[in-house]
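Q: I'd like to ask you about the structure that follows.
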Amino acid sequence: MEISVSVGSYRGVQCELCLSAAVQLVHWKQPKKSAAAFGLSLLVLVSVATLSVISVVSYLLLACLCITITFRVYKSVIQAIQKSDEGHPFKSLLDRDIALSPESVRMLADQSLVHLNWLSSQTRRLLLVEDLVDSLKLAAVMWVMTYVGAVFNGITILILADIIFFTTPLIYQKRKTQIDQHIEMIRSRVEETLQKLQDRLPGAVKRAKSE
């Protein structure tokens with residue numbers, strides 16, 4: 001029991017570290033790594049938009065193989081000239097354990113199940129109009145998305161999302177005060193409009209505030 005708890009806590013720490021690394025990447029705490037991640041992700045998405053997925057994957061693997069094979073041959077030649085016995089240049093990476101443990105798979109499955117249950121519950125609630133205002137919100141969003149889908153395809157949306165994902169934190173850090181003011185003003189107006197709409201709808205059930 002103690003072992004399973006310790007393993008679970010270790011995996012939890014790993015998840016927190018991954019999340020912290022992702023946040024630092026997005027907030028450009030390490031500009032070189034952030035620029036590399038942004039450039040690589042944008043390059044892959046643009047490549048997928050212009051080429052087929054099979055071609056993009058093939059080119060990426062081919063480029064990776066060219067780099068690793070060249071480096072392996074180079075190190076072998078250097079070792080032969082210097083008559084050294086350093087071994088395989090990628091030995092540390094080859095010896096690293098990358099196998100998924102049953103505990104990590106089980107934890108991932110449990111987390112996925114939680115999100116799946118929440119998604120199914122929310123879908124049922126919205127489609128069966130448990131709350132009229134929330135269902136109207138969903139209808140409005142889907143109506144807007146029909147126009148978005150008519151203008152952009154999925155890859156274009158992913159490219160825009162990638163650009164927004166990496167550039168928004170920088171813009172927010174520089175314009176934090178002005179952006180917070182505009183967000184608060186928009187939020188208050190939206191809440192006021194929704195409250196007026198909810199009060200005017202016939203038979204609308206007002207949501208109870210549990211605080």
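Within each chain, counting starts at residue 1; across the structure tokens, chains are named A, B, ... in the order shown, with ligands numbered 1 upward in that order.
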Residues within 8 Å of stretch 46-51 of chain A, please, as a PyMOL selection string. Count only C-alpha atoms; anything in the same chain fewer than 2 positions from it doesn't count.
A: chain A and resi 42-44+53+55-56+155-156+159
Q: Next, write the just-selected residues to a file, as a short mmCIF file (atom, residue, chain, number, x, y, z; two decimals), in the first residue's frame, keeping N, CA, C and O atoms as the atom set.
A:
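Below is the file that was written, out_38.cif:
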```cif
data_model
loop_
_atom_site.label_atom_id
_atom_site.label_comp_id
_atom_site.auth_asym_id
_atom_site.auth_seq_id
_atom_site.Cartn_x
_atom_site.Cartn_y
_atom_site.Cartn_z
N LEU A 42 5.11 25.49 -35.27
CA LEU A 42 4.56 26.25 -36.39
C LEU A 42 5.01 25.64 -37.72
O LEU A 42 4.21 25.55 -38.68
N LEU A 43 6.26 25.18 -37.79
CA LEU A 43 6.76 24.55 -39.01
C LEU A 43 6.00 23.27 -39.32
O LEU A 43 5.63 23.02 -40.47
N VAL A 44 5.74 22.47 -38.29
CA VAL A 44 5.00 21.22 -38.49
C VAL A 44 3.58 21.50 -38.97
O VAL A 44 3.08 20.86 -39.90
N VAL A 53 -0.03 14.42 -44.23
CA VAL A 53 0.52 14.04 -42.93
C VAL A 53 1.62 13.00 -43.09
O VAL A 53 2.65 13.03 -42.40
N SER A 55 3.66 12.63 -45.61
CA SER A 55 4.87 13.29 -46.09
C SER A 55 5.58 14.04 -44.97
O SER A 55 6.81 13.99 -44.85
N VAL A 56 4.81 14.73 -44.14
CA VAL A 56 5.41 15.49 -43.04
C VAL A 56 6.12 14.56 -42.06
O VAL A 56 7.26 14.80 -41.65
N ILE A 155 -6.69 22.87 -39.88
CA ILE A 155 -5.26 23.16 -39.77
C ILE A 155 -5.01 24.66 -39.59
O ILE A 155 -4.14 25.06 -38.80
N THR A 156 -5.78 25.49 -40.29
CA THR A 156 -5.63 26.94 -40.13
C THR A 156 -5.95 27.37 -38.71
O THR A 156 -5.25 28.21 -38.13
N ILE A 159 -3.04 26.45 -36.53
CA ILE A 159 -1.93 27.39 -36.71
C ILE A 159 -2.19 28.68 -35.94
O ILE A 159 -1.31 29.20 -35.24
#
```
Q: Within 9 Å of stretch 167-174 of chain A, counting only C-alpha atoms, which residues qualify if same-chain residues fewer than 6 places away don't, as an MDAnalysis selection string?
A: chainID A and resid 26:28 180
Q: Could you check which of A:Ser104, A:Ser135, A:Thr68, A:Gln198 is closest to A:Phe90, using only C-alpha atoms?
A: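 With only C-alpha atoms as the atom set, the closest residue is A:Thr68.
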Q: Name the residues of stretch 13-162 of chain A that fall into helix (DSSP H, G or I) according to DSSP on the backbone, using the chain letters and numbers of this document, as JSON, numbers by chain.
A: {"A": [13, 14, 15, 16, 17, 18, 19, 20, 21, 22, 23, 24, 25, 26, 31, 32, 33, 34, 35, 36, 37, 38, 39, 40, 41, 42, 43, 44, 45, 46, 47, 48, 49, 50, 53, 54, 55, 56, 57, 58, 59, 60, 61, 62, 63, 64, 65, 66, 67, 68, 69, 70, 71, 72, 73, 74, 75, 76, 77, 78, 79, 80, 81, 82, 91, 92, 93, 94, 102, 103, 104, 105, 106, 107, 108, 109, 110, 111, 112, 113, 114, 115, 116, 117, 118, 119, 120, 121, 122, 123, 124, 125, 126, 127, 132, 133, 134, 135, 136, 137, 138, 139, 140, 141, 142, 143, 144, 145, 146, 147, 148, 149, 150, 151, 154, 155, 156, 157, 158, 159, 160, 161, 162]}
Q: Could you give me, as a count of residues only, the residues within 10 Å of stretch 22-24 of chain A, counting only C-alpha atoms and dropping anything in the same chain fewer than 6 positions from it?
A: 6
Q: Grab the atom CA of A:Arg187 to atom CA of A:Leu138 distance for me, in Å with one decimal place.
A: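 Computing the Euclidean distance for atom CA of A:Arg187 and atom CA of A:Leu138 yields 17.2 Å.
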Q: Quick check, in Å to one decimal: how far apart do atom CA of A:Tyr74 and atom CA of A:His88 lie?
A: 11.5 Å
